[in-house]
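See structure below.
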Amino acid sequence: MFYLCLMFVRIKTSSNSPKKSVQIVESFRDGKKVRQRIVRHVGTAYNDDELKSMRDLAEHIKVQLEGQGQANLFEGSTLAEMAIAARDNQDDKPLPVDLKKLREESRIVTGIHEVFGKVYELFGYDKVISNPQRKKAAVKHLRHAVMGRIAHPVSKRATATMLTEHYGVEVSTSALYRMMNQITDRVIEKIQEVTYEMVKSLFDEPLRVMFYDCTTLYFESFIEDELKENGYSKDMKFNQPQVLLSLLVTSTGLPVGYDVFPGATFEGHTLCDAMDKLEKRFGLDELTLVADSEMFSEENLKLIEERGKKYIVGARIKNQSKSVTEKILQKDAYQPLKDGISVREISISKRRLIVSHSLKRAQKDRLDRQRAIDKLMEKLTRTKNPKDLVSNFGYKKYIRVEGQASYTIDEGKIKKAQTWDGLLGIITNVGQKNLSCTEALQHYHGLWQVEQCFRVSKTDLRIRPIYHWTPPRIKAHIAICFMVLACMRYLYYLTKVHQMDFSERSIRQSLTEVQLSILHHIENDHKYGLPSKKTIQAEKLYRIMGLKLTDVPFKIR
């Protein structure tokens, strides 16, 4: 018979290694002998700070185990995996058990790890870290970091706490940081390679069109270095360092690649780098790249054309030569397409300038301008110095200030601006035989797919602000967020293919509601799993991934 005597935290060292293992150990008497057994392996520390943090975590876990009146012999990192495996392997035999002798030991969320865990493996992210057999801890912690960010994007410290308390996964903050050190430039390349291969496998035809755009990510810091630089901020954080993130997305909204540039980089200068890396990374010779007008410059287009690449880029039609602008404003020369949209093509050297006019867009342009002018006029009535206000307002060109307090609307300038309402221009070097005006416009309007990815990254994934300081950690953080984005957009894409009405946020919410109560028998110490009630949304998501969702209780063996 075994008699429980004592539970304590043990630090195990090795004479040939600086590593220190932190364990929770239990002493027990086996007959006349006192023996010890490991109740929980908490982790491995590589320095004094990590050791202190891990020892504190071990003491916290020990108090929880002692409060339960008995030791949980399953490691937290394997509890969820064991429970899921036991459920999948359950038989139809009845479970004779006295419910009055069952107590809830913990309640864990299983939906995120099950569904997104399968997506993660389909992409091959479990094999991107070099020498995965020798770096099993880093491989495991990378998976947990991605799952944690999908579930609830918070700091690495908060992620470790959340995974421990709600997901049956015990991982320390220091372990997550050590894992990030393994995300080298080669690993980042591998992440993008497997992402592209996975996305390509979804389609019968090669990927011929990709969308490219940039955004800025700011830091909770005011210190610059070779990567973090002040620059034009799309988040209006001009006094804080930032990095420039470029993203490649398919026409179906699936991300396939990205790059990180110093924060002061002009985004127009990144386009040629993107083309070179596309060819090197993916071997896409016949690719047409679609980008916004921020990428437009004569220098850019010449460099792309010298490489023999194809593009569809937004054009700044008001900056064209006088002869071209006169043609753009000849509305009677436009050919009608459909739904109040007409189009005209103008040749500029070996390029095609395609200009469309939309009645809906023209109405929106007029309303936006009028609202802005009304807002400015209202502010002018409340200020003593109109010149200072107008000089800082975007629509100052429509207001004429005379003296110190007299101001009028310049009707002539408004009338001139109205001639451009509803017009949109794009430039391409793809010939008419291979790309019609309608197809070119459709491709350009597909840029919203990149904007959608940026929205998901910034709002749902909270990719910024970034709290890491060193370039390697910054790159590792962005790599993790890219994997999260790829997984989320992939599952979102599958729901649309199956004609299901899900958003990224509703997918996450549905899967966090898939939970499992771990029960233990107070006499025989047997453990049981009690799944939460199934929801229609969760069942659909499981079915999409070829998984089965059950609400039948089972024994954890």
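Letters A, B, ... go to the chains of the structure tokens in the order shown; residues in each chain start at 1; ligands are counted from 1 in the same order.
All residues of protein, DNA or RNA that reach within 10 Å of Ile11 of chain A, judged by only C-alpha atoms and not counting those fewer than 4 positions away in the chain, are Lys20, Ser21, Val22, Gln23, Ile24, Val25, Thr44, Ala45, Leu51 and Arg55 of chain A.
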Hey, can you spit out that residue selection with N, CA and C atoms as a short mmCIF file (atom, residue, chain, number, x, y, z; two decimals), in the first residue's frame?
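For reference, again.cif as written:
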```
data_model
loop_
_atom_site.label_atom_id
_atom_site.label_comp_id
_atom_site.auth_asym_id
_atom_site.auth_seq_id
_atom_site.Cartn_x
_atom_site.Cartn_y
_atom_site.Cartn_z
N LYS A 20 18.71 23.52 -15.90
CA LYS A 20 18.16 23.07 -14.63
C LYS A 20 16.69 22.72 -14.83
N SER A 21 16.33 21.51 -14.47
CA SER A 21 14.95 21.05 -14.61
C SER A 21 14.17 21.32 -13.34
N VAL A 22 12.98 21.87 -13.49
CA VAL A 22 12.10 22.16 -12.35
C VAL A 22 10.98 21.13 -12.33
N GLN A 23 10.88 20.41 -11.21
CA GLN A 23 9.91 19.33 -11.12
C GLN A 23 9.11 19.44 -9.82
N ILE A 24 7.89 18.96 -9.86
CA ILE A 24 7.10 18.77 -8.64
C ILE A 24 7.16 17.29 -8.31
N VAL A 25 7.68 16.99 -7.13
CA VAL A 25 7.95 15.61 -6.73
C VAL A 25 7.11 15.26 -5.51
N THR A 44 12.36 23.57 -18.13
CA THR A 44 13.81 23.64 -18.05
C THR A 44 14.26 25.09 -18.09
N ALA A 45 15.10 25.50 -17.13
CA ALA A 45 15.60 26.87 -17.06
C ALA A 45 17.04 26.91 -17.52
N LEU A 51 14.90 30.44 -14.00
CA LEU A 51 14.75 29.51 -12.88
C LEU A 51 13.79 30.07 -11.84
N ARG A 55 10.31 28.38 -10.95
CA ARG A 55 10.10 27.90 -9.58
C ARG A 55 8.79 28.48 -9.03
#
```
Which of these, A:Asn319, A:Thr512, A:Thr252, A:Ser53, has the shortest distance to Leu494 of chain A once you count only C-alpha atoms?
-> A:Thr252
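Here atom CA of Tyr311 of chain A and atom CA of Asn429 of chain A stand 6.3 Å from one another.
You can rank A:Pro206, A:Gly314, A:Pro241, A:Gly425 by their closest distance to Arg344 of chain A using only C-alpha atoms, and at the top of that list sits A:Gly425.
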Between A:Leu329, A:Leu244, A:Ala315, A:Ala440, single out the one closest to Thr215 of chain A, counting only C-alpha atoms.
-> A:Leu244
What's the 8 Å shell around segment 411-414 of chain A, counting only C-alpha atoms, without same-chain residues fewer than 4 positions away, as a PyMOL selection string?
-> chain A and resi 397-398+418
